[in-house]
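Participant: This structure is in structure tokens; I'll ask about it shortly.
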Amino acid sequence: MCELLAMSANVPTDICFSFSGLMQRGGNTGPHSDGWGVTFYEGKGCRSFKDPMPSAQSPIAELVTKYPMKSEAVVCHIRQANSGAVCLENTHPFIRQMWGKNWTYAHNGQLKDFKNELPVKLHLPIGTTDSEHAFCWILDQLHIEFGAQEPDKIVLFSFIAKLSRKIDALGVANIIITDGESLFAYCSNNLHYLTRRAPFGQASLIDAEMAVDFQKETTPNDVVTVIATKPLTDDETWNKMAPQQWQLFCLGESIAGESK
């Protein structure tokens, strides 16, 4: 299946280190060679880089590893296709606008009978993946439930958690979704996270010969949470999420969550 990577931070932070490890899994150390994408938020705006090429061979991915775009919210995805052709429109993450915000969604897994079980009317998919279809269904349900007025973030993402569990019931659905402020992670079967804060230490990537001493790259007040399908470093303690567990992060801190 595909792999996910996301970040929530309390200061603009680049994701070059983590992405350098993830991109190697896209056709080098891993089989996820059917495209990749990453979205960075800057205020209410966002930049998205996507390529149907394997990330380990993509010049655009190489650019991302060397161009330190700083953001408080980032979503990445490397694809191993199981629904929809290998093409740009089927490449995650997917972005749509709602309530004056850019919403970004990435999904790892496979869903059965999703067109019948998750009917969409207002937000129509551009591509043919089960992932984008599920995203459009979520946005439809938010419109139906809340209308034109965006609710409190805890109410909103608790509702998204209920929707995620319905999607998960159709197969496997590890989900990352963000509006650029809050970052939501739902675990179906495989998702990990860690929070880096002072005192910072060194970290070494599993998939590349690269290490960083975060004490030299941060201030004592920095808080950065990284979420990934599988741990990216071998000298840090990653928290494995339980099936049907969800967590909501804002500015690097976990502000809500629930396990079942």
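Note on naming: chains are A, B, ... as they come in the structure tokens, residues start from 1 per chain, ligands start from 1 in the order shown.
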For Leu4 (chain A), work out the shell of residues within 8 Å, counting only C-alpha atoms and skipping chain neighbours fewer than 4 positions away, then give it as a PyMOL selection string.

Facilitator: chain A and resi 75-78+106-108+176+227-229

Participant: May I have the selected residues written with N, CA, C and O atoms, as a compact mmCIF listing (two decimals), in the first residue's frame?

Facilitator:
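Contents of part.txt, freshly written:
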```txt
# COMPACT_ATOMS: atom_id res chain seq x y z
N VAL A 75 1.60 17.78 4.29
CA VAL A 75 1.06 16.44 4.02
C VAL A 75 1.79 15.87 2.81
O VAL A 75 1.88 16.53 1.76
N CYS A 76 2.33 14.65 2.94
CA CYS A 76 3.04 13.96 1.85
C CYS A 76 2.44 12.57 1.63
O CYS A 76 1.87 11.98 2.54
N HIS A 77 2.68 12.06 0.42
CA HIS A 77 2.15 10.73 0.07
C HIS A 77 3.01 10.13 -1.02
O HIS A 77 3.41 10.81 -1.97
N ILE A 78 3.35 8.85 -0.89
CA ILE A 78 3.95 8.10 -1.99
C ILE A 78 3.01 6.95 -2.31
O ILE A 78 2.48 6.31 -1.42
N ALA A 106 -4.92 12.92 2.18
CA ALA A 106 -4.15 11.79 1.66
C ALA A 106 -4.61 10.52 2.37
O ALA A 106 -4.96 10.55 3.55
N HIS A 107 -4.57 9.41 1.64
CA HIS A 107 -5.17 8.17 2.13
C HIS A 107 -4.27 7.00 1.76
O HIS A 107 -3.71 6.94 0.68
N ASN A 108 -4.14 6.08 2.68
CA ASN A 108 -3.41 4.83 2.48
C ASN A 108 -4.39 3.69 2.72
O ASN A 108 -4.95 3.58 3.80
N ILE A 176 -5.00 11.14 6.46
CA ILE A 176 -4.49 12.44 6.92
C ILE A 176 -5.33 13.52 6.25
O ILE A 176 -5.52 13.50 5.02
N ILE A 227 4.14 12.55 11.53
CA ILE A 227 3.28 11.37 11.42
C ILE A 227 3.70 10.60 10.17
O ILE A 227 3.91 11.21 9.11
N ALA A 228 3.85 9.31 10.28
CA ALA A 228 4.28 8.51 9.14
C ALA A 228 3.68 7.11 9.21
O ALA A 228 3.39 6.60 10.30
N THR A 229 3.50 6.50 8.06
CA THR A 229 3.01 5.12 8.03
C THR A 229 3.93 4.21 8.82
O THR A 229 3.49 3.45 9.69
```

Participant: Among region 25-248 of chain A, which ones does DSSP assign to alpha helix (DSSP H) (computed from the backbone)? Answer as a ChimeraX atom specification.

Facilitator: /A:59-66,114-117,130-146,153-168

Participant: So which residues touch Leu142 (chain A) within 12 Å, counting only C-alpha atoms, skipping near sequence neighbours fewer than 3 positions away, as a PyMOL selection string?

Facilitator: chain A and resi 98-99+120+122-123+135-139+145-151+155-163

Participant: At a cut-off of 6 Å, using only C-alpha atoms, what residues contact region 127-130 of chain A? Leave out same-chain residues fewer than 3 positions from it and give the result as a PyMOL selection string.

Facilitator: chain A and resi 83-84+89-90+133

Participant: Can you list, as an MDAnalysis selection string, every protein, DNA or RNA residue that comes within 10 Å of region 29-37 of chain A when you count only C-alpha atoms, leaving out same-chain residues fewer than 2 positions away?

Facilitator: chainID A and resid 1:4 21:27 39 48:58 60:61 75:82 85:88 90:94 106 206:208

Participant: Considering only C-alpha atoms, can you say which of A:Asn190, A:Gln247, A:Thr178, A:Thr225 comes closest to Trp103 (chain A)?

Facilitator: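 Under the stated criterion, the closest residue is A:Thr178.
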
Participant: To one decimal place, how far is CA of Leu191 (chain A) from CA of Leu232 (chain A) in Å?

Facilitator: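 Between CA of Leu191 (chain A) and CA of Leu232 (chain A) the gap is 11.6 Å.
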
Participant: I need the residue nearest Val64 (chain A) from this list: A:Cys16, A:Asn102, A:Asn174, A:Phe40. Use only C-alpha atoms for the distance.

Facilitator: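 The shortest atom-to-atom distance to Val64 (chain A) comes from A:Cys16.
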